[in-house]
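Text of the file input-v3.cif, holding mmCIF, C-alpha atoms:
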data_structure
loop_
_atom_site.label_atom_id
_atom_site.label_comp_id
_atom_site.auth_asym_id
_atom_site.auth_seq_id
_atom_site.Cartn_x
_atom_site.Cartn_y
_atom_site.Cartn_z
CA MET A 163 33.25 40.06 119.45
CA VAL A 164 36.10 40.12 122.04
CA LYS A 165 35.03 40.64 125.69
CA GLN A 166 37.29 42.05 128.41
CA VAL A 167 37.10 40.76 132.00
CA PRO A 168 38.63 43.11 134.64
CA VAL A 169 41.29 41.57 136.85
CA THR A 170 40.78 41.90 140.69
CA THR A 171 44.02 42.32 142.59
CA GLU A 172 42.62 42.62 146.08
CA LEU A 173 40.25 40.20 147.82
CA ASN A 174 37.79 41.79 150.26
CA GLN A 175 35.96 38.62 151.20
CA THR A 176 37.14 35.74 153.40
CA LEU A 177 36.14 32.16 152.59
CA ASP A 178 35.89 29.30 154.92
CA ALA A 179 37.47 25.99 154.15
CA GLY A 180 35.11 23.82 152.08
CA SER A 181 32.73 26.63 151.18
CA ALA A 182 31.39 27.15 147.66
CA VAL A 183 33.40 29.10 145.19
CA GLN A 184 32.32 32.68 145.17
CA PHE A 185 32.58 35.18 142.25
CA THR A 186 32.58 38.82 142.75
CA GLY A 187 30.03 40.88 140.96
CA GLY A 188 31.06 42.93 137.96
CA GLN A 189 30.06 44.05 134.36
CA VAL A 190 31.22 42.79 130.95
CA ASP A 191 31.18 45.57 128.37
CA PRO A 192 31.49 45.06 124.53
CA MET A 193 34.61 46.44 122.90
CA ASP A 194 34.27 49.31 120.48
CA ASN A 195 34.74 48.52 116.71
CA LYS A 196 38.32 49.37 116.21
CA MET A 197 38.41 48.69 112.24
CA PRO A 198 39.79 51.76 110.57
CA GLY A 199 37.43 53.65 108.17
CA GLN A 200 40.02 53.43 105.34
CA ILE A 201 39.69 49.66 105.17
CA GLN A 202 35.92 49.94 104.80
CA LYS A 203 36.33 52.42 102.01
CA GLN A 204 38.75 50.15 100.19
CA SER A 205 36.31 47.25 100.42
CA THR A 206 33.52 49.37 98.87
CA ALA A 207 35.81 50.58 96.12
CA LEU A 208 36.86 47.03 95.33
CA LEU A 209 33.23 45.95 95.05
CA GLN A 210 32.46 48.81 92.69
CA THR A 211 35.49 47.96 90.58
CA GLN A 212 34.31 44.36 90.27
CA LYS A 213 30.89 45.56 89.14
CA ALA A 214 32.43 47.90 86.59
CA ALA A 215 34.66 45.12 85.28
CA GLN A 216 31.67 42.82 84.90
CA ALA A 217 29.70 45.51 83.08
CA LEU A 218 32.62 46.10 80.75
CA ALA A 219 32.92 42.36 80.12
CA ASP A 220 29.20 42.22 79.32
CA GLU A 221 29.55 45.11 76.89
CA LEU A 222 32.49 43.44 75.19
CA ASN A 223 30.58 40.15 74.93
CA ASP A 224 27.54 41.93 73.52
CA ALA A 225 29.70 43.79 71.03
CA GLU A 226 31.30 40.52 69.91
CA ALA A 227 27.90 38.82 69.65
CA THR A 228 26.53 41.77 67.63
CA LYS A 229 29.51 41.63 65.31
CA LEU A 230 28.94 37.91 64.76
CA TYR A 231 25.23 38.53 64.09
CA ASN A 232 26.03 41.31 61.60
CA GLU A 233 28.23 38.89 59.67
CA PHE A 234 25.69 36.10 60.00
CA PHE A 235 22.64 38.03 58.74
CA PRO A 236 23.74 38.65 55.10
CA GLU A 237 24.41 34.93 54.69
CA LEU A 238 20.99 34.23 56.18
CA GLU A 239 19.42 36.56 53.59
CA ASN A 240 21.42 35.00 50.76
CA ASN A 241 20.12 31.56 51.69
CA GLN A 242 16.56 32.85 51.82
CA THR A 243 16.90 34.67 48.48
CA ALA A 244 18.39 31.59 46.83
CA TYR A 245 15.35 29.61 47.90
CA THR A 246 12.69 32.19 47.03
CA ASP A 247 14.21 32.46 43.55
CA LEU A 248 13.15 28.85 42.96
CA ASN A 249 9.81 28.54 41.19
CA GLY A 250 7.21 25.82 40.84
CA PHE A 251 8.22 22.28 41.68
CA ASP A 252 11.88 23.34 41.86
CA ALA A 253 11.05 24.84 45.26
CA VAL A 254 9.85 21.51 46.65
CA ALA A 255 11.78 19.02 44.53
CA PRO A 256 13.23 15.92 46.23
CA ILE A 257 17.00 15.84 46.70
CA PRO A 258 18.88 12.53 46.97
CA SER A 259 20.88 11.81 50.09
CA ASP A 260 24.63 12.45 50.20
CA THR A 261 25.13 8.90 51.44
CA GLU A 262 24.20 5.74 49.60
CA GLY A 263 20.89 4.35 50.76
CA GLY A 264 20.05 7.52 52.66
CA GLU A 265 16.62 9.08 52.63
CA PHE A 266 15.64 11.79 50.16
CA ARG A 267 15.18 15.33 51.44
CA ASN A 268 13.13 18.02 49.79
CA THR A 269 14.50 21.36 48.72
CA LEU A 270 12.65 23.31 51.40
CA ASP A 271 14.10 21.13 54.17
CA VAL A 272 17.63 21.74 52.90
CA TYR A 273 17.29 25.54 52.77
CA LYS A 274 15.05 25.91 55.80
CA ASN A 275 16.75 23.54 58.24
CA LYS A 276 20.05 22.07 57.10
CA ASN A 277 21.54 25.28 55.68
CA LEU A 278 20.41 27.46 58.60
CA GLU A 279 21.65 24.93 61.14
CA THR A 280 25.05 24.88 59.48
CA LEU A 281 25.13 28.66 59.24
CA ARG A 282 24.19 29.16 62.91
CA ASP A 283 26.80 26.65 64.11
CA LYS A 284 29.44 28.30 61.93
CA TYR A 285 29.10 31.64 63.74
CA ARG A 286 28.40 30.14 67.16
CA GLU A 287 31.75 28.39 67.04
CA LYS A 288 33.47 31.71 66.39
CA ALA A 289 32.35 33.03 69.80
CA SER A 290 35.19 33.50 72.34
CA ASN A 291 33.13 32.25 75.30
CA GLY A 292 29.81 30.81 76.37
CA SER A 293 28.29 34.21 77.11
CA VAL A 294 28.96 35.41 73.58
CA GLN A 295 27.48 32.20 72.20
CA PHE A 296 24.34 32.70 74.27
CA MET A 297 24.00 36.36 73.19
CA PHE A 298 24.55 35.49 69.49
CA GLU A 299 21.98 32.71 69.54
CA ALA A 300 19.45 35.01 71.19
CA LYS A 301 19.95 37.59 68.43
CA ALA A 302 19.91 35.00 65.62
CA HIS A 303 16.90 33.06 66.88
CA GLN A 304 14.20 35.49 65.73
CA ALA A 305 15.92 36.17 62.39
CA ILE A 306 16.08 32.43 61.70
CA ALA A 307 12.40 31.99 62.62
CA ASP A 308 11.38 34.85 60.31
CA SER A 309 13.44 33.45 57.44
CA GLN A 310 12.00 29.95 57.90
CA ASN A 311 8.46 31.34 57.89
CA LYS A 312 9.04 33.25 54.64
CA MET A 313 10.52 30.18 52.97
CA THR A 314 7.61 28.02 54.13
CA GLN A 315 5.08 30.48 52.69
CA HIS A 316 7.02 30.53 49.42
CA SER A 317 7.03 26.73 49.24
CA ILE A 318 3.24 26.55 49.73
CA LYS A 319 2.69 29.05 46.93
CA GLN A 320 5.19 27.41 44.58
CA GLN A 321 3.82 23.94 45.24
CA ARG A 322 0.41 25.13 44.02
CA ILE A 323 1.99 26.88 41.04
CA GLY A 324 4.07 23.80 40.27
CA ALA A 325 1.02 21.57 40.35
CA GLU A 326 -0.89 23.96 38.08
CA ASN A 327 2.05 24.23 35.66
CA ALA A 328 2.42 20.45 35.46
CA LEU A 329 -1.29 20.02 34.79
CA THR A 330 -1.27 22.83 32.21
CA ASP A 331 1.72 21.28 30.42
CA HIS A 332 -0.04 17.91 30.43
CA LEU A 333 -3.12 19.58 28.98
CA GLU A 334 -1.06 21.01 26.11
CA VAL A 335 0.40 17.57 25.37
CA THR A 336 -3.10 16.09 25.46
CA LYS A 337 -4.38 18.66 22.97
CA LYS A 338 -1.62 17.73 20.54
CA GLU A 339 -2.46 14.03 20.92
CA ILE A 340 -6.11 14.77 20.15
CA VAL A 341 -5.39 16.90 17.10
CA ASN A 342 -2.86 14.42 15.70
CA ASP A 343 -5.60 11.77 15.69
CA TYR A 344 -8.03 14.07 13.83
CA GLU A 345 -8.79 11.44 11.18
CA LYS A 346 -10.42 9.28 13.88
CA TRP A 347 -12.59 12.08 15.25
CA ASN A 348 -15.74 10.05 14.65
CA VAL A 349 -14.40 6.66 15.78
CA PRO A 350 -15.54 5.45 19.24
CA GLY A 351 -12.63 4.59 21.53
CA SER A 352 -10.07 6.41 19.39
CA VAL A 353 -7.23 8.48 20.80
CA TYR A 354 -9.20 11.54 19.71
CA GLU A 355 -12.19 10.56 21.84
CA THR A 356 -10.39 9.19 24.92
CA ARG A 357 -7.80 11.96 25.17
CA LYS A 358 -10.50 14.58 24.81
CA PHE A 359 -12.04 13.29 28.05
CA VAL A 360 -8.59 13.23 29.66
CA GLY A 361 -8.24 16.93 28.85
CA MET A 362 -11.54 17.69 30.56
CA SER A 363 -10.36 15.83 33.67
CA LEU A 364 -7.12 17.81 33.70
CA ILE A 365 -9.10 21.04 33.64
CA ASP A 366 -11.06 19.82 36.66
CA GLU A 367 -7.75 19.20 38.46
CA ILE A 368 -6.48 22.67 37.59
CA ALA A 369 -9.69 24.12 39.00
CA ARG A 370 -9.25 22.21 42.27
CA VAL A 371 -5.66 23.38 42.66
CA ASN A 372 -6.89 26.97 42.32
CA ASN A 373 -9.92 26.39 44.57
CA TRP A 374 -12.37 27.14 41.75
CA ASN A 375 -15.87 25.82 42.30
CA ILE A 376 -16.83 23.24 39.66
CA ASP A 377 -19.80 21.78 41.50
CA PRO A 378 -23.10 23.56 40.75
CA THR A 379 -24.62 22.03 43.89
CA LYS A 380 -22.17 24.08 45.97
CA GLY A 381 -22.97 27.41 44.40
CA ARG A 382 -22.23 29.23 41.21
CA VAL A 383 -19.63 27.46 39.06
CA SER A 384 -16.40 29.43 38.62
CA SER A 385 -16.31 31.65 35.55
CA GLN A 386 -12.58 30.96 35.20
CA TYR A 387 -13.29 27.23 35.11
CA LEU A 388 -15.98 27.63 32.43
CA GLU A 389 -13.70 29.89 30.40
CA LEU A 390 -10.82 27.38 30.55
CA ARG A 391 -13.13 24.56 29.38
CA SER A 392 -14.47 26.64 26.50
CA LYS A 393 -10.97 27.70 25.47
CA TYR A 394 -9.79 24.08 25.50
CA LEU A 395 -12.67 22.78 23.36
CA TYR A 396 -12.36 25.70 20.94
CA GLU A 397 -8.60 25.28 20.48
CA VAL A 398 -8.92 21.53 19.90
CA SER A 399 -11.76 21.93 17.38
CA THR A 400 -10.18 24.72 15.37
CA ALA A 401 -6.85 22.86 15.30
CA VAL A 402 -8.62 19.78 13.93
CA ILE A 403 -10.21 21.86 11.16
CA ASP A 404 -6.79 23.29 10.28
CA LYS A 405 -5.43 19.74 10.05
CA MET A 406 -8.29 18.66 7.80
CA ASP A 407 -7.89 21.69 5.59
CA LYS A 408 -4.15 21.09 5.14
CA HIS A 409 -4.05 17.31 4.82
CA LEU A 410 -7.34 15.99 3.45
CA PRO A 411 -7.85 15.80 -0.33
CA LYS A 412 -9.81 18.67 -1.85
CA ASN A 413 -12.63 16.45 -2.95
CA GLN A 414 -13.40 15.34 0.60
CA LYS A 415 -12.14 17.89 3.08
CA ASN A 416 -15.06 20.32 2.87
CA GLU A 417 -17.63 17.61 3.46
CA MET A 418 -15.59 16.26 6.37
CA ILE A 419 -15.15 19.71 7.89
CA SER A 420 -18.86 20.38 7.60
CA LYS A 421 -19.71 17.14 9.40
CA TYR A 422 -17.16 17.86 12.11
CA ILE A 423 -18.44 21.39 12.77
CA ASN A 424 -22.03 20.21 12.94
CA LYS A 425 -21.16 17.45 15.41
CA TYR A 426 -19.11 19.69 17.70
CA TYR A 427 -21.12 22.82 17.07
CA GLY A 428 -21.18 23.76 20.76
CA ASP A 429 -17.38 23.49 21.10
CA PHE A 430 -16.93 26.35 18.63
CA GLY A 431 -19.66 28.61 19.94
CA GLU A 432 -22.67 29.52 17.82
CA LYS A 433 -21.21 32.55 16.03
CA THR A 434 -17.88 30.90 15.29
CA ALA A 435 -19.50 27.66 14.10
CA ASP A 436 -21.86 29.47 11.74
CA LYS A 437 -19.01 31.55 10.33
CA LEU A 438 -16.82 28.48 9.80
CA LEU A 439 -19.66 26.63 8.07
CA GLU A 440 -20.19 29.59 5.75
CA ILE A 441 -16.49 29.79 4.89
CA ASN A 442 -16.27 26.04 4.43
CA GLU A 443 -19.25 26.03 2.06
CA LYS A 444 -17.71 28.75 -0.07
CA GLU A 445 -14.41 26.88 -0.20
CA GLY A 446 -16.28 23.71 -1.09
CA LYS A 447 -17.94 25.41 -4.04
CA LEU A 448 -14.60 26.80 -5.11
CA ASN A 449 -13.10 23.32 -5.04
CA LYS A 450 -15.94 22.05 -7.22
CA VAL A 451 -15.23 24.80 -9.73
CA SER A 452 -11.58 23.77 -9.69
CA ALA A 453 -12.65 20.20 -10.47
CA CYS A 454 -14.60 21.50 -13.48
CA VAL A 455 -11.63 23.48 -14.72
CA GLU A 456 -9.40 20.45 -14.35
CA ALA A 457 -11.90 18.29 -16.23
CA THR A 458 -12.12 20.80 -19.05
CA LEU A 459 -8.35 20.90 -19.37
CA ARG A 460 -8.27 17.09 -19.43
CA ASP A 461 -10.72 16.85 -22.35
CA ASN A 462 -12.33 19.70 -24.24
CA GLY A 463 -13.86 17.49 -26.94
CA ASN A 464 -17.41 16.93 -28.19
CA ILE A 465 -19.60 15.30 -25.52
CA ASN A 466 -21.80 13.78 -28.20
CA ASP A 467 -19.01 11.91 -29.98
CA GLY A 468 -19.75 8.76 -27.99
CA SER A 469 -16.52 8.95 -26.00
CA TYR A 470 -17.03 8.09 -22.34
CA ILE A 471 -14.06 10.27 -21.30
CA SER A 472 -15.49 13.34 -23.08
CA ALA A 473 -18.87 12.87 -21.43
CA ALA A 474 -17.39 12.17 -18.00
CA ASN A 475 -15.09 15.20 -18.04
CA ARG A 476 -17.92 17.49 -19.09
CA MET A 477 -20.13 15.93 -16.40
CA ASN A 478 -17.64 17.14 -13.82
CA CYS A 479 -18.49 20.75 -14.68
CA LEU A 480 -22.14 20.36 -13.73
CA SER A 481 -22.99 21.94 -10.37
CA SER A 482 -25.23 18.98 -9.50
CA SER A 483 -22.29 16.63 -10.08
CA ASN A 484 -20.17 18.54 -7.58
CA SER A 485 -22.57 19.71 -4.89
CA PHE A 486 -21.54 20.45 -1.35
CA ASP A 487 -24.83 19.08 -0.07
CA ASN A 488 -27.09 16.80 -2.14
CA GLY A 489 -30.02 17.41 0.20
CA LYS A 490 -29.55 14.07 1.95
CA GLY A 491 -26.66 15.03 4.18
CA ALA A 492 -24.03 13.91 1.68
CA SER A 493 -21.95 15.57 -0.99
CA THR A 494 -21.57 14.82 -4.70
CA THR A 495 -18.15 14.49 -6.26
CA GLN A 496 -17.78 13.95 -10.04
CA GLY A 497 -21.34 12.67 -10.05
CA LEU A 498 -20.76 10.15 -7.25
CA HIS A 499 -22.80 10.57 -4.06
CA SER A 500 -20.81 10.09 -0.88
CA ASP A 501 -23.70 8.23 0.80
CA LYS A 502 -23.44 5.54 -1.89
CA VAL A 503 -19.80 5.61 -2.98
CA ASN A 504 -16.87 6.34 -0.70
CA THR A 505 -14.94 9.17 -2.35
CA THR A 506 -12.83 9.93 0.72
CA GLU A 507 -9.48 8.87 -0.69
CA SER A 508 -10.27 9.02 -4.41
CA THR A 509 -8.96 11.33 -7.13
CA ILE A 510 -10.85 12.67 -10.15
CA SER A 511 -9.37 9.88 -12.24
CA ASP A 512 -10.51 7.30 -9.67
CA ASN A 513 -14.05 8.69 -9.70
CA ILE A 514 -14.25 8.65 -13.49
CA GLU A 515 -13.18 5.01 -13.42
CA VAL A 516 -15.73 4.09 -10.73
CA ALA A 517 -18.57 5.72 -12.71
CA GLU A 518 -17.61 3.82 -15.84
CA GLN A 519 -17.52 0.52 -13.95
CA ILE A 520 -21.00 1.22 -12.56
CA LEU A 521 -22.33 1.62 -16.09
CA ASN A 522 -20.43 -1.39 -17.46
CA THR A 523 -21.60 -3.75 -14.73
CA GLU A 524 -25.16 -2.54 -14.09
CA SER A 525 -26.59 -0.93 -17.23
CA LYS A 526 -28.05 -3.11 -19.95
CA PHE A 527 -26.85 -0.55 -22.47
CA TYR A 528 -23.22 -1.15 -21.45
CA LYS A 529 -22.93 -4.70 -20.05
CA PRO A 530 -20.87 -6.78 -22.49
CA ASP A 531 -23.35 -9.69 -22.53
CA SER A 532 -26.44 -7.49 -22.96
CA LYS A 533 -28.33 -7.51 -26.25
CA LEU A 534 -28.82 -3.75 -25.87
CA ASN A 535 -25.13 -3.09 -25.57
CA GLY A 536 -24.13 -0.46 -28.08
CA THR A 537 -27.71 0.53 -28.94
CA LEU A 538 -27.67 3.78 -26.97
CA LEU A 539 -27.26 6.79 -29.24
CA ASN A 540 -24.07 8.81 -28.75
CA GLN A 541 -25.98 12.02 -28.09
CA HIS A 542 -28.00 10.21 -25.39
CA LYS A 543 -25.01 8.76 -23.56
CA PRO A 544 -24.17 11.89 -21.48
CA THR A 545 -27.77 12.24 -20.29
CA HIS A 546 -28.02 8.52 -19.55
CA MET A 547 -24.79 8.72 -17.57
CA PHE A 548 -26.09 11.67 -15.57
CA ALA A 549 -29.39 9.91 -14.81
CA SER A 550 -27.59 6.69 -13.86
CA LEU A 551 -25.36 8.42 -11.33
CA HIS A 552 -28.05 10.64 -9.82
CA PHE A 553 -31.17 8.49 -9.95
CA GLY A 554 -29.72 5.02 -10.31
CA VAL A 555 -28.89 2.82 -13.29
CA GLU A 556 -32.18 0.95 -13.19
CA LYS A 557 -34.26 4.12 -13.48
CA ALA A 558 -32.01 5.52 -16.20
CA ASP A 559 -32.24 2.29 -18.21
CA SER A 560 -36.00 2.23 -17.76
CA LEU A 561 -36.28 5.81 -18.96
CA TYR A 562 -34.30 5.13 -22.13
CA THR A 563 -36.00 1.79 -22.77
CA LYS A 564 -39.35 3.57 -22.79
CA ALA A 565 -37.95 6.33 -24.97
CA LYS A 566 -36.49 3.77 -27.38
CA LEU A 567 -39.83 1.91 -27.59
CA GLN A 568 -41.64 5.17 -28.20
CA VAL A 569 -39.25 6.02 -31.01
CA GLU A 570 -39.74 2.59 -32.56
CA ILE A 571 -43.54 2.91 -32.33
CA ASP A 572 -43.42 6.31 -33.97
CA GLN A 573 -41.20 4.97 -36.74
CA ASN A 574 -43.54 2.00 -37.40
CA ASN A 575 -46.54 4.27 -37.58
#
Now that the file is in, can you turn its structure into structure tokens?
Amino acid sequence: MVKQVPVTTELNQTLDAGSAVQFTGGQVDPMDNKMPGQIQKQSTALLQTQKAAQALADELNDAEATKLYNEFFPELENNQTAYTDLNGFDAVAPIPSDTEGGEFRNTLDVYKNKNLETLRDKYREKASNGSVQFMFEAKAHQAIADSQNKMTQHSIKQQRIGAENALTDHLEVTKKEIVNDYEKWNVPGSVYETRKFVGMSLIDEIARVNNWNIDPTKGRVSSQYLELRSKYLYEVSTAVIDKMDKHLPKNQKNEMISKYINKYYGDFGEKTADKLLEINEKEGKLNKVSACVEATLRDNGNINDGSYISAANRMNCLSSSNSFDNGKGASTTQGLHSDKVNTTESTISDNIEVAEQILNTESKFYKPDSKLNGTLLNQHKPTHMFASLHFGVEKADSLYTKAKLQVEIDQNN
């Protein structure tokens, strides 16, 4: 502040030579503020104008940032939708690097991080200044976080589904491998046996993926797990029976099916197993009747004419020669018992030949070097053949030797 000092024009004091300098008394008063009021008003107006300009600039920046966000958001949604449309392992599949020797990235990482980073930078670079960039990023930040969270949740769900689908597909392949090896169903270490255990392990894995309890020590075992196991065993077993029915010879398939059902009775379930056994038995009897019809068509001659073929063909029509169960756990086919002669791959012609060879090599009434060869009466040959096949050649020969001796004794008397 400027101070005014009054000027004294007249001295009223006399000073001696060499005396101290003397000042007269007086008062220093501050000057009044002389700035005009108009200048102050202009200064205030200028300040208000600057504030208004800044507010307008902020509004323009916000409008630009909002416009950028509005353009950004649909692309953000498109990226999210493209990812959530991926199912199973496709949602988490590894993706090779763009550069040779680079590390693999998974699908989620590409959509969740790389794509969103690129998208954010694309619109950030469109901003006209740093303020707009800051405002845009603030708006986009929460939308990006929400989108990433949704994609992460989708990946977790699809990873579980993918694992379950892969295991289920493997289970289907395993079932086919088992069924295709149906002929070895009773052979230890066969594909049928080993793959059947593999299938059970796969079901355990499916249960774990779905958090089903399979451990009875930890509480009640999951009903879904038990149902999946039962369904698997049932489908395998019924498919094997279908294979046997279509591909095994008529003269052996019913016996084989019966043995299979009885061994894996529990895999079918009691009601189903009993029903299948009943159907199989009826079909077996029908096949035996068919064998009789075929034999009759082959030879409709006189069984007492001494011809082996006539006797053998007529023998095939006897129910005891073609029984589904001979009471010893085996079947009888054209008089041959499956527990003594393997009739698995044989035809009717083969069985007729085998029976004849049994007589020619074991019976003293048929062996070429036997003294009794040719001594059996023609009308006795069919009965002797039947007895030989059902009770054994030795017993049949003994029976007819005694009968022959009795006849000779009666004739001598």
Answer key for the PyMOL selection byres ((chain A and resi 269-271) around 7), residues as a ChimeraX atom specification: /A:253-257,267-268,272-276,317
Could you write out as a list in words the residues that the PyMOL selection byres ((chain A and resi 401) around 10) matches in the shown file?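 Applying the PyMOL selection byres ((chain A and resi 401) around 10) to the structure shown produces Lys337, Lys338, Ile340, Val341, Asn342, Tyr344, Leu395, Tyr396, Glu397, Val398, Ser399, Thr400, Val402, Ile403, Asp404, Lys405, Met406 and Asp407 of chain A.
Evaluated on this file, the PyMOL selection byres ((chain A and resi 524) around 10) matches A:Gln519, A:Ile520, A:Leu521, A:Asn522, A:Thr523, A:Ser525, A:Lys526, A:Phe527, A:Tyr528, A:Lys529, A:Ser550, A:Gly554, A:Val555, A:Glu556, A:Asp559.
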Calculate how many Å separate CA of Gln414 in chain A from CA of Thr545 in chain A, rounding to one decimal.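 It comes out at 25.5 Å.
With all atoms listed in the file as the atoms that count, the residue of A:Ile306, A:Val353, A:Gly381, A:Phe251 with the shortest distance to Ile318 in chain A is A:Phe251.
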Distance criterion (all atoms listed in the file): nearest to His542 in chain A out of A:Ser469, A:Ser500, A:Arg286, A:Phe359: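 Looking at the shortest contact to His542 in chain A, the residue is A:Ser469.
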With distances taken over all atoms listed in the file, which of A:Ser293, A:Thr261, A:Thr505, A:Gln242 is nearest to Gln315 in chain A?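 Counting all atoms listed in the file, the residue closest to Gln315 in chain A is A:Gln242.
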Find the distance between CA of Thr314 in chain A and CA of Tyr285 in chain A and write it in Å to one decimal.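 So the answer is 23.8 Å.
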Could you work out how far CA of Asp283 in chain A lies from CA of Pro236 in chain A, giving the answer in Å with one decimal?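 Between CA of Pro236 in chain A and CA of Asp283 in chain A the gap works out to 15.3 Å.
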Got a sec: who's within 12 Å of Glu237 in chain A, counting all atoms listed in the file, leaving out chain neighbours fewer than 4 positions off, as number ranges by chain? A: 230-233, 241-244, 273, 277-278, 280-282, 284-285, 302, 305-306, 309
Could you write out the selected residues, including C-alpha atoms, as a PDB file, in the frame of the given file?
ATOM      1  CA  LEU A 230      28.940  37.910  64.760  1.00  0.00           C
ATOM      2  CA  TYR A 231      25.230  38.530  64.090  1.00  0.00           C
ATOM      3  CA  ASN A 232      26.030  41.310  61.600  1.00  0.00           C
ATOM      4  CA  GLU A 233      28.230  38.890  59.670  1.00  0.00           C
ATOM      5  CA  ASN A 241      20.120  31.560  51.690  1.00  0.00           C
ATOM      6  CA  GLN A 242      16.560  32.850  51.820  1.00  0.00           C
ATOM      7  CA  THR A 243      16.900  34.670  48.480  1.00  0.00           C
ATOM      8  CA  ALA A 244      18.390  31.590  46.830  1.00  0.00           C
ATOM      9  CA  TYR A 273      17.290  25.540  52.770  1.00  0.00           C
ATOM     10  CA  ASN A 277      21.540  25.280  55.680  1.00  0.00           C
ATOM     11  CA  LEU A 278      20.410  27.460  58.600  1.00  0.00           C
ATOM     12  CA  THR A 280      25.050  24.880  59.480  1.00  0.00           C
ATOM     13  CA  LEU A 281      25.130  28.660  59.240  1.00  0.00           C
ATOM     14  CA  ARG A 282      24.190  29.160  62.910  1.00  0.00           C
ATOM     15  CA  LYS A 284      29.440  28.300  61.930  1.00  0.00           C
ATOM     16  CA  TYR A 285      29.100  31.640  63.740  1.00  0.00           C
ATOM     17  CA  ALA A 302      19.910  35.000  65.620  1.00  0.00           C
ATOM     18  CA  ALA A 305      15.920  36.170  62.390  1.00  0.00           C
ATOM     19  CA  ILE A 306      16.080  32.430  61.700  1.00  0.00           C
ATOM     20  CA  SER A 309      13.440  33.450  57.440  1.00  0.00           C
TER      21      SER A 309
END
Can you put N, CA and C atoms back into range 364-377 of chain A and show it as an mmCIF file, keeping the file's coordinate frame?
data_model
loop_
_atom_site.group_PDB
_atom_site.id
_atom_site.type_symbol
_atom_site.label_atom_id
_atom_site.label_comp_id
_atom_site.auth_asym_id
_atom_site.auth_seq_id
_atom_site.Cartn_x
_atom_site.Cartn_y
_atom_site.Cartn_z
ATOM 1 N N LEU A 364 -8.248 16.967 33.319
ATOM 2 C CA LEU A 364 -7.120 17.810 33.700
ATOM 3 C C LEU A 364 -7.587 19.217 34.065
ATOM 4 N N ILE A 365 -8.549 19.715 33.337
ATOM 5 C CA ILE A 365 -9.100 21.040 33.640
ATOM 6 C C ILE A 365 -9.778 21.035 35.003
ATOM 7 N N ASP A 366 -10.463 19.947 35.327
ATOM 8 C CA ASP A 366 -11.060 19.820 36.660
ATOM 9 C C ASP A 366 -9.987 19.878 37.741
ATOM 10 N N GLU A 367 -8.854 19.209 37.492
ATOM 11 C CA GLU A 367 -7.750 19.200 38.460
ATOM 12 C C GLU A 367 -7.155 20.604 38.622
ATOM 13 N N ILE A 368 -6.994 21.301 37.523
ATOM 14 C CA ILE A 368 -6.480 22.670 37.590
ATOM 15 C C ILE A 368 -7.415 23.541 38.417
ATOM 16 N N ALA A 369 -8.700 23.349 38.241
ATOM 17 C CA ALA A 369 -9.690 24.120 39.000
ATOM 18 C C ALA A 369 -9.573 23.829 40.497
ATOM 19 N N ARG A 370 -9.369 22.565 40.849
ATOM 20 C CA ARG A 370 -9.250 22.210 42.270
ATOM 21 C C ARG A 370 -8.005 22.809 42.899
ATOM 22 N N VAL A 371 -6.905 22.794 42.153
ATOM 23 C CA VAL A 371 -5.660 23.380 42.660
ATOM 24 C C VAL A 371 -5.859 24.864 42.970
ATOM 25 N N ASN A 372 -6.649 25.540 42.143
ATOM 26 C CA ASN A 372 -6.890 26.970 42.320
ATOM 27 C C ASN A 372 -8.123 27.279 43.167
ATOM 28 N N ASN A 373 -8.722 26.219 43.737
ATOM 29 C CA ASN A 373 -9.920 26.390 44.570
ATOM 30 C C ASN A 373 -11.079 27.026 43.820
ATOM 31 N N TRP A 374 -11.221 26.678 42.536
ATOM 32 C CA TRP A 374 -12.370 27.140 41.750
ATOM 33 C C TRP A 374 -13.521 26.160 41.978
ATOM 34 N N ASN A 375 -14.710 26.686 42.119
ATOM 35 C CA ASN A 375 -15.870 25.820 42.300
ATOM 36 C C ASN A 375 -16.310 25.239 40.959
ATOM 37 N N ILE A 376 -16.373 23.910 40.891
ATOM 38 C CA ILE A 376 -16.830 23.240 39.660
ATOM 39 C C ILE A 376 -18.113 22.453 39.898
ATOM 40 N N ASP A 377 -18.607 22.535 41.128
ATOM 41 C CA ASP A 377 -19.800 21.780 41.500
ATOM 42 C C ASP A 377 -20.996 22.727 41.628
#
